[in-house]
$ cat final17.txt   # compact mmCIF, C-alpha atoms
# COMPACT_ATOMS: atom_id res chain seq x y z
CA MET A 1442 -77.88 -31.87 10.81
CA THR A 1443 -75.81 -35.01 10.23
CA TYR A 1444 -72.52 -35.49 8.41
CA PRO A 1445 -71.22 -38.56 6.64
CA ILE A 1446 -68.62 -40.52 8.60
CA ASN A 1447 -66.12 -39.93 5.77
CA ASN A 1448 -66.29 -36.19 6.44
CA PHE A 1449 -65.43 -36.68 10.09
CA LEU A 1450 -62.49 -38.90 9.14
CA SER A 1451 -61.29 -36.28 6.68
CA ILE A 1452 -61.50 -33.58 9.32
CA LYS A 1453 -59.72 -35.80 11.83
CA ASN A 1454 -56.94 -36.57 9.36
CA ALA A 1455 -56.57 -32.88 8.49
CA ILE A 1456 -56.26 -31.93 12.16
CA GLN A 1457 -53.67 -34.64 12.70
CA ALA A 1458 -51.74 -33.45 9.66
CA ILE A 1459 -51.77 -29.89 10.96
CA PHE A 1460 -50.39 -31.01 14.31
CA ILE A 1461 -47.68 -33.09 12.61
CA ILE A 1462 -46.64 -30.18 10.36
CA SER A 1463 -46.72 -27.74 13.30
CA PHE A 1464 -44.60 -30.09 15.39
CA GLN A 1465 -42.12 -30.53 12.55
CA THR A 1466 -41.94 -26.76 12.03
CA LEU A 1467 -41.45 -26.15 15.75
CA ALA A 1468 -38.76 -28.82 15.87
CA LEU A 1469 -36.98 -27.19 12.92
CA VAL A 1470 -37.17 -23.77 14.56
CA LEU A 1471 -35.86 -25.14 17.85
CA PHE A 1472 -33.05 -26.94 16.04
CA THR A 1473 -32.12 -23.75 14.15
CA VAL A 1474 -32.15 -21.65 17.32
CA SER A 1475 -30.19 -24.30 19.21
CA ASN A 1476 -27.67 -24.57 16.40
CA SER A 1477 -27.26 -20.78 16.21
CA TYR A 1478 -26.85 -20.58 19.98
CA ALA A 1479 -24.22 -23.30 19.90
CA GLN A 1480 -22.40 -21.41 17.16
CA VAL A 1481 -22.12 -18.21 19.22
CA SER A 1482 -21.99 -19.55 22.78
CA ASP A 1483 -18.29 -20.35 22.41
CA TYR A 1484 -17.46 -17.57 19.94
CA PRO A 1485 -14.67 -16.78 19.45
CA LYS A 1486 -12.76 -20.02 19.91
CA LYS A 1487 -9.88 -18.96 17.66
CA PRO A 1488 -8.28 -15.65 16.52
CA VAL A 1489 -10.46 -13.13 14.67
CA THR A 1490 -9.15 -11.06 11.75
CA LEU A 1491 -10.20 -7.47 11.06
CA VAL A 1492 -9.46 -6.65 7.42
CA VAL A 1493 -8.70 -3.07 6.37
CA GLY A 1494 -8.71 -1.98 2.73
CA PHE A 1495 -6.05 0.70 3.22
CA THR A 1496 -2.36 0.94 4.06
CA PRO A 1497 -1.32 1.32 7.73
CA GLY A 1498 -1.62 4.74 9.34
CA GLY A 1499 -4.96 5.99 8.05
CA ILE A 1500 -8.14 6.42 10.08
CA SER A 1501 -9.54 2.97 9.19
CA ASP A 1502 -6.29 1.26 10.13
CA VAL A 1503 -5.91 3.17 13.42
CA LEU A 1504 -9.51 2.44 14.39
CA ALA A 1505 -9.16 -1.22 13.47
CA ARG A 1506 -6.04 -1.62 15.60
CA ALA A 1507 -7.65 0.11 18.55
CA LEU A 1508 -10.72 -2.12 18.20
CA ALA A 1509 -8.54 -5.21 17.86
CA PHE A 1510 -6.69 -4.42 21.08
CA ARG A 1511 -9.88 -3.82 23.03
CA LEU A 1512 -11.81 -6.78 21.57
CA SER A 1513 -8.89 -9.12 22.30
CA ALA A 1514 -9.12 -8.20 25.97
CA GLN A 1515 -12.92 -8.53 26.02
CA MET A 1516 -13.35 -11.78 24.14
CA GLY A 1517 -10.34 -13.73 25.35
CA GLN A 1518 -9.04 -14.41 21.86
CA GLN A 1519 -6.52 -12.52 19.78
CA VAL A 1520 -8.01 -10.09 17.26
CA ILE A 1521 -5.54 -9.16 14.54
CA VAL A 1522 -5.56 -6.54 11.77
CA GLU A 1523 -4.75 -7.44 8.17
CA ASN A 1524 -4.20 -4.67 5.61
CA LYS A 1525 -5.34 -5.46 2.07
CA PRO A 1526 -5.01 -2.17 0.15
CA GLY A 1527 -5.61 -1.72 -3.54
CA ALA A 1528 -8.28 -1.11 -6.19
CA GLY A 1529 -10.03 1.48 -4.05
CA THR A 1530 -10.59 -1.08 -1.23
CA MET A 1531 -12.24 -3.55 -3.61
CA ILE A 1532 -9.54 -6.18 -3.07
CA ALA A 1533 -10.37 -6.27 0.63
CA ALA A 1534 -14.12 -6.12 0.06
CA GLU A 1535 -14.10 -9.00 -2.43
CA TYR A 1536 -11.99 -11.02 -0.01
CA ILE A 1537 -14.60 -10.50 2.71
CA ALA A 1538 -17.53 -11.21 0.39
CA LYS A 1539 -16.05 -14.64 -0.41
CA ALA A 1540 -15.09 -15.51 3.18
CA ALA A 1541 -16.89 -18.01 5.38
CA PRO A 1542 -19.76 -16.39 7.34
CA ASP A 1543 -18.47 -17.67 10.67
CA GLY A 1544 -17.44 -14.33 12.22
CA TYR A 1545 -13.70 -14.97 12.09
CA ILE A 1546 -13.00 -12.65 9.16
CA LEU A 1547 -14.58 -9.21 9.44
CA PHE A 1548 -14.22 -5.97 7.51
CA VAL A 1549 -13.58 -2.50 8.91
CA GLN A 1550 -15.06 -0.62 5.98
CA ASP A 1551 -15.73 2.99 5.06
CA MET A 1552 -17.69 4.83 2.41
CA SER A 1553 -15.22 3.97 -0.36
CA THR A 1554 -16.12 0.32 -0.59
CA HIS A 1555 -19.83 0.62 -0.07
CA ALA A 1556 -20.77 3.93 -1.65
CA ILE A 1557 -18.13 5.74 -3.71
CA ASN A 1558 -17.03 2.70 -5.71
CA VAL A 1559 -20.57 2.14 -6.94
CA GLY A 1560 -20.28 5.41 -8.84
CA LEU A 1561 -16.67 4.87 -9.94
CA TYR A 1562 -16.67 1.38 -11.36
CA LYS A 1563 -18.96 -0.29 -13.88
CA ASN A 1564 -18.13 -3.82 -12.76
CA ILE A 1565 -17.71 -4.32 -9.03
CA PRO A 1566 -16.94 -7.96 -8.12
CA TYR A 1567 -19.46 -7.92 -5.27
CA ASP A 1568 -22.82 -6.42 -4.37
CA PRO A 1569 -22.11 -3.70 -1.75
CA VAL A 1570 -25.36 -4.47 0.06
CA LYS A 1571 -26.40 -8.08 -0.60
CA ASP A 1572 -22.97 -9.72 -0.27
CA PHE A 1573 -22.34 -8.55 3.29
CA SER A 1574 -23.75 -8.92 6.78
CA HIS A 1575 -24.11 -5.48 8.33
CA ILE A 1576 -23.07 -5.48 11.97
CA SER A 1577 -22.63 -1.88 13.16
CA LEU A 1578 -21.11 1.52 12.59
CA VAL A 1579 -18.28 2.20 15.04
CA ALA A 1580 -17.06 5.74 14.32
CA VAL A 1581 -17.44 8.89 12.29
CA SER A 1582 -14.59 11.33 11.63
CA PRO A 1583 -14.05 14.48 9.56
CA LEU A 1584 -11.11 15.15 7.28
CA MET A 1585 -8.66 17.99 7.88
CA LEU A 1586 -7.51 20.49 5.24
CA VAL A 1587 -3.76 21.01 5.72
CA VAL A 1588 -1.06 23.03 3.95
CA ASN A 1589 2.70 23.43 4.29
CA PRO A 1590 3.86 26.25 6.65
CA THR A 1591 6.07 27.67 3.91
CA LEU A 1592 2.92 29.05 2.25
CA LYS A 1593 2.64 31.49 5.17
CA ILE A 1594 -1.12 30.87 5.27
CA SER A 1595 -3.04 30.40 8.51
CA GLN A 1596 -6.68 30.93 7.54
CA LEU A 1597 -8.99 29.34 5.01
CA SER A 1598 -9.90 32.70 3.48
CA GLU A 1599 -6.21 33.32 2.76
CA PHE A 1600 -5.84 29.93 1.14
CA ILE A 1601 -8.91 30.43 -1.04
CA LYS A 1602 -7.40 33.68 -2.31
CA TYR A 1603 -4.05 31.94 -2.89
CA ALA A 1604 -5.74 29.04 -4.69
CA LYS A 1605 -7.58 31.34 -7.08
CA GLU A 1606 -4.36 33.21 -7.85
CA HIS A 1607 -2.49 29.95 -8.60
CA LYS A 1608 -5.34 27.90 -10.06
CA ASN A 1609 -3.38 26.99 -13.18
CA SER A 1610 -0.53 25.38 -11.24
CA LEU A 1611 -2.11 24.32 -7.94
CA ALA A 1612 -1.83 20.63 -7.05
CA PHE A 1613 -3.38 18.59 -4.26
CA SER A 1614 -2.85 15.05 -3.03
CA SER A 1615 -5.30 12.39 -1.90
CA SER A 1616 -5.19 8.86 -0.54
CA GLY A 1617 -6.22 7.51 -3.93
CA ASN A 1618 -8.34 8.20 -6.97
CA GLY A 1619 -12.01 8.22 -6.04
CA THR A 1620 -11.45 8.07 -2.28
CA ILE A 1621 -13.34 10.35 0.09
CA PRO A 1622 -10.35 12.74 0.43
CA HIS A 1623 -10.32 13.02 -3.37
CA LEU A 1624 -14.08 13.65 -3.56
CA THR A 1625 -13.85 16.15 -0.72
CA ALA A 1626 -11.09 18.10 -2.45
CA GLU A 1627 -12.96 18.11 -5.76
CA SER A 1628 -16.09 19.38 -4.04
CA PHE A 1629 -14.00 22.06 -2.31
CA ASN A 1630 -12.44 23.09 -5.64
CA GLN A 1631 -15.88 23.38 -7.21
CA SER A 1632 -17.08 25.48 -4.29
CA ILE A 1633 -14.32 28.07 -4.74
CA GLY A 1634 -14.29 27.90 -8.53
CA ILE A 1635 -10.90 26.34 -9.34
CA GLU A 1636 -9.58 23.26 -11.14
CA ALA A 1637 -6.49 21.95 -9.40
CA ILE A 1638 -4.19 19.08 -10.38
CA HIS A 1639 -4.93 15.84 -8.55
CA ILE A 1640 -1.98 13.67 -7.46
CA PRO A 1641 -3.21 10.37 -5.98
CA TYR A 1642 -1.12 8.41 -3.45
CA LYS A 1643 -1.53 5.06 -1.74
CA GLY A 1644 -3.03 6.03 1.59
CA SER A 1645 -3.44 9.09 3.79
CA VAL A 1646 0.06 8.91 5.25
CA ALA A 1647 1.72 9.13 1.82
CA SER A 1648 -0.75 11.83 0.77
CA THR A 1649 0.06 13.90 3.85
CA GLN A 1650 3.80 13.39 3.36
CA ALA A 1651 3.43 14.92 -0.11
CA VAL A 1652 2.30 18.16 1.54
CA LEU A 1653 5.14 17.93 4.05
CA ALA A 1654 7.60 17.64 1.16
CA ASN A 1655 5.99 20.56 -0.69
CA ASP A 1656 5.22 18.29 -3.64
CA VAL A 1657 1.61 19.52 -3.53
CA ALA A 1658 -0.05 22.57 -2.01
CA TYR A 1659 -2.75 20.91 0.07
CA THR A 1660 -4.66 17.78 0.96
CA PHE A 1661 -7.79 16.74 2.83
CA SER A 1662 -6.24 14.20 5.16
CA SER A 1663 -7.76 11.71 7.55
CA MET A 1664 -7.27 12.89 11.11
CA PRO A 1665 -4.43 10.67 12.48
CA PRO A 1666 -1.60 11.69 10.09
CA ALA A 1667 -2.85 15.28 9.91
CA LEU A 1668 -3.17 15.79 13.67
CA SER A 1669 0.29 14.50 14.53
CA ASN A 1670 1.95 16.80 11.99
CA VAL A 1671 -0.17 19.81 12.91
CA LYS A 1672 0.68 19.39 16.59
CA ALA A 1673 4.38 19.12 15.66
CA GLY A 1674 4.16 22.37 13.70
CA LYS A 1675 5.01 20.65 10.42
CA LEU A 1676 1.63 21.36 8.82
CA VAL A 1677 -1.01 24.07 9.17
CA ALA A 1678 -4.63 23.08 9.65
CA LEU A 1679 -7.15 25.35 7.91
CA GLY A 1680 -10.38 23.49 8.63
CA VAL A 1681 -12.16 20.24 9.37
CA THR A 1682 -14.89 18.94 7.10
CA SER A 1683 -17.60 18.21 9.69
CA LEU A 1684 -20.28 20.70 10.64
CA LYS A 1685 -18.96 20.90 14.19
CA ARG A 1686 -15.44 21.20 15.56
CA VAL A 1687 -13.66 18.18 16.94
CA ALA A 1688 -12.45 17.90 20.52
CA SER A 1689 -8.92 16.95 19.51
CA ALA A 1690 -8.52 20.15 17.46
CA LYS A 1691 -10.80 22.70 19.10
CA ASN A 1692 -8.91 25.67 17.66
CA VAL A 1693 -9.36 24.49 14.09
CA PRO A 1694 -12.58 25.86 12.55
CA THR A 1695 -14.87 23.86 10.33
CA VAL A 1696 -14.63 24.57 6.61
CA SER A 1697 -18.30 25.51 6.83
CA GLU A 1698 -17.80 28.24 9.41
CA ALA A 1699 -14.50 29.41 7.89
CA GLY A 1700 -15.78 30.21 4.43
CA ILE A 1701 -17.91 27.55 2.69
CA PRO A 1702 -21.27 27.28 4.50
CA GLY A 1703 -22.76 23.79 4.58
CA PHE A 1704 -19.55 22.02 3.55
CA ASP A 1705 -19.89 18.59 5.16
CA PHE A 1706 -17.87 15.44 4.40
CA ASP A 1707 -17.41 12.84 7.11
CA LEU A 1708 -15.54 9.59 6.99
CA TYR A 1709 -17.46 6.82 8.69
CA SER A 1710 -16.21 3.39 9.71
CA GLY A 1711 -18.23 0.26 10.32
CA VAL A 1712 -17.83 -3.48 10.69
CA LEU A 1713 -19.21 -5.91 8.12
CA GLY A 1714 -19.04 -9.64 7.68
CA PRO A 1715 -19.70 -11.96 4.74
CA LYS A 1716 -23.34 -12.52 3.82
CA GLY A 1717 -25.10 -15.38 5.54
CA MET A 1718 -23.90 -14.77 9.08
CA PRO A 1719 -26.50 -16.06 11.59
CA ASP A 1720 -28.46 -13.32 13.34
CA ALA A 1721 -27.31 -14.61 16.74
CA LEU A 1722 -23.68 -14.26 15.67
CA ILE A 1723 -24.27 -10.76 14.30
CA GLN A 1724 -25.87 -9.76 17.60
CA LYS A 1725 -22.98 -11.27 19.57
CA ILE A 1726 -20.38 -9.28 17.62
CA HIS A 1727 -22.59 -6.17 17.72
CA TYR A 1728 -22.69 -6.43 21.50
CA GLU A 1729 -18.91 -6.79 21.75
CA LEU A 1730 -18.40 -3.77 19.46
CA GLY A 1731 -20.79 -1.70 21.59
CA VAL A 1732 -18.91 -2.54 24.77
CA ALA A 1733 -15.60 -1.77 23.06
CA VAL A 1734 -16.43 1.67 21.66
CA LYS A 1735 -17.97 2.76 24.96
CA SER A 1736 -14.93 1.78 27.00
CA PRO A 1737 -12.83 4.60 28.51
CA GLU A 1738 -9.76 3.39 26.60
CA MET A 1739 -11.53 3.58 23.24
CA GLN A 1740 -13.14 6.92 24.10
CA ALA A 1741 -9.69 8.36 24.74
CA ILE A 1742 -8.35 6.95 21.47
CA PHE A 1743 -11.30 8.29 19.51
CA GLU A 1744 -10.75 11.77 20.90
CA THR A 1745 -7.05 11.62 20.10
CA ILE A 1746 -7.66 10.79 16.44
CA GLY A 1747 -10.59 13.16 16.04
CA ALA A 1748 -13.26 10.48 15.70
CA GLU A 1749 -16.66 10.19 17.37
CA PRO A 1750 -17.67 6.70 18.53
CA MET A 1751 -21.10 5.43 17.57
CA THR A 1752 -23.04 2.19 17.10
CA ASN A 1753 -26.31 1.33 15.43
CA SER A 1754 -28.36 -1.78 14.77
CA SER A 1755 -27.69 -4.13 11.88
CA ARG A 1756 -30.77 -2.85 10.06
CA GLU A 1757 -29.90 0.80 10.71
CA PHE A 1758 -26.38 0.18 9.38
CA LEU A 1759 -27.83 -1.46 6.26
CA ILE A 1760 -30.10 1.54 5.66
CA HIS A 1761 -27.18 3.92 6.30
CA ASN A 1762 -24.99 2.23 3.68
CA THR A 1763 -27.85 2.13 1.19
CA ASN A 1764 -28.47 5.87 1.64
CA GLU A 1765 -24.75 6.65 1.36
CA ILE A 1766 -24.61 4.85 -1.97
CA ALA A 1767 -27.37 7.07 -3.36
CA LYS A 1768 -25.73 10.24 -1.98
CA LEU A 1769 -22.12 9.66 -2.96
CA VAL A 1770 -22.81 8.29 -6.41
CA LYS A 1771 -24.21 11.74 -7.16
CA VAL A 1772 -21.02 13.36 -5.83
CA VAL A 1773 -18.85 11.16 -8.05
CA LYS A 1774 -20.89 12.03 -11.12
CA ALA A 1775 -20.97 15.76 -10.31
CA ALA A 1776 -17.18 15.80 -9.91
CA LYS A 1777 -16.79 13.74 -13.13
CA ILE A 1778 -14.28 11.51 -11.41
CA GLN A 1779 -12.97 8.60 -13.46
CA VAL A 1780 -10.67 5.75 -12.56
CA ASN A 1781 -7.81 4.54 -14.69

$ encode --input "final17.txt" --output "structure tokens"
Amino acid sequence: MTYPINNFLSIKNAIQAIFIISFQTLALVLFTVSNSYAQVSDYPKKPVTLVVGFTPGGISDVLARALAFRLSAQMGQQVIVENKPGAGTMIAAEYIAKAAPDGYILFVQDMSTHAINVGLYKNIPYDPVKDFSHISLVAVSPLMLVVNPTLKISQLSEFIKYAKEHKNSLAFSSSGNGTIPHLTAESFNQSIGIEAIHIPYKGSVASTQAVLANDVAYTFSSMPPALSNVKAGKLVALGVTSLKRVASAKNVPTVSEAGIPGFDFDLYSGVLGPKGMPDALIQKIHYELGVAVKSPEMQAIFETIGAEPMTNSSREFLIHNTNEIAKLVKVVKAAKIQVN
């Protein structure tokens, strides 16, 4: 069988075109990889900022400062913490979402920004999934139910009885309307069949101080401010909200084992960046975070504040946040929580 010469020329031209396109594609890929490598090979070459959406003293702030100290030593550049509280952490989150995706402004976030707020607010100025680069989880921590010693209560069962007897005048504090301590308390109230008065404060420290001052009867506090006051005898711990006890407070039962089976509310912390961060840069920061949380210094700090260190891949963190949105939006709706 014979073919016209024009057919052979067409085939030849097509093959040449394929090689040219393939070469151009390969060159583009190599340029992209080389550019990404250059971007991370000298990272960081200036100070890095970890943004926290809460006031100083809470679990996110304490974790961020511990990470900043360790990462500064590892990476040879200063890592600083900047607190941007307000609007249920949305001020900080929006700031991150609009930042340059160069790895120099990162967000130590928790479930408020990327799960609870989706159920609380109709108009969030950012997409909690698409507007961020997910780097890794770094810690998970329970909350601690604490009361003032003047109540003369030492067990959860006693407090439940007291709460039911004073349900028309009982007040509790939280670190803010719609925060995880607020949701946890509302879920607790529903479990024991009471409706208590919610008094929101700006942060866990102020919320815990309200119990110290006897302005409210109880609060579900993040671990750092609760632990220090419990150890000083200024507050009484009745339970932690995880399904297992924490090493830093081994004598404190879980709420689940002390009277409300299955009660489980954990506060997780992770590190996000603005959307558009190169994969190589995400992996570089992920590696540094992994080294940091596994260090003996960080392990000791985690135990002191009642947190458990953990890391996961960028994709796993993305899936985790997506699942938390679905779960906690239901909690917000069930508790009928509204923001002013």

$ closest_residue --input "final17.txt" --among "A:Ile1621, A:Tyr1545, A:Ile1746, A:Lys1539" --to "Pro1666 of chain A" --atoms "all atoms listed in the file"
A:Ile1746

$ residues_around --input "final17.txt" --residues "Pro1702 of chain A" --least-positions-apart "2" --cutoff "12 Å" --atoms "all atoms listed in the file" --output "PyMOL selection string"
chain A and resi 1629+1632-1633+1682-1685+1694-1700+1704-1705

$ residues_around --input "final17.txt" --residues "Val1481 of chain A" --least-positions-apart "3" --cutoff "10 Å" --atoms "only C-alpha atoms" --output "list in words"
Asn1476, Ser1477, Tyr1478, Tyr1484, Pro1485, Lys1486, Asp1543, Gly1544, Pro1719, Asp1720, Ala1721, Leu1722, Ile1723, Gln1724, Lys1725 and Ile1726 of chain A

$ residues_near_point --input "final17.txt" --point "(-8.3, -9.6, 16.1)" --cutoff "8 Å" --atoms "all atoms listed in the file" --output "count of residues only"
13

$ closest_residue --input "final17.txt" --among "A:Thr1625, A:Ser1736, A:Ser1615, A:Asn1692" --to "Val1671 of chain A" --atoms "all atoms listed in the file"
A:Asn1692

$ atom_distance --input "final17.txt" --atom1 "atom CA of Gly1619 of chain A" --atom2 "atom CA of Thr1554 of chain A"
10.4 Å

$ closest_residue --input "final17.txt" --among "A:Ala1637, A:Ala1741, A:Leu1668, A:Leu1713" --to "Pro1569 of chain A" --atoms "all atoms listed in the file"
A:Leu1713

$ residues_around --input "final17.txt" --residues "His1607 of chain A" --least-positions-apart "5" --cutoff "12 Å" --atoms "only C-alpha atoms" --output "ChimeraX atom specification"
/A:1600-1602,1612,1634-1638,1658

$ closest_residue --input "final17.txt" --among "A:Asn1630, A:Thr1745, A:Asn1762, A:Ser1482" --to "Pro1665 of chain A" --atoms "only C-alpha atoms"
A:Thr1745

$ residues_around --input "final17.txt" --residues "Leu1653 of chain A" --least-positions-apart "4" --cutoff "7 Å" --atoms "only C-alpha atoms" --output "list in words"
Asn1589, Thr1649, Lys1675 and Leu1676 of chain A

$ atom_distance --input "final17.txt" --atom1 "atom CA of Glu1738 of chain A" --atom2 "atom CA of Val1579 of chain A"
14.4 Å

$ closest_residue --input "final17.txt" --among "A:Met1718, A:Ala1556, A:Val1587, A:Val1503" --to "Asn1670 of chain A" --atoms "only C-alpha atoms"
A:Val1587

$ closest_residue --input "final17.txt" --among "A:Ser1663, A:Gln1550, A:Ala1748, A:Arg1506" --to "Ser1689 of chain A" --atoms "only C-alpha atoms"
A:Ala1748

$ atom_distance --input "final17.txt" --atom1 "atom CA of Lys1487 of chain A" --atom2 "atom CA of Leu1547 of chain A"
13.6 Å
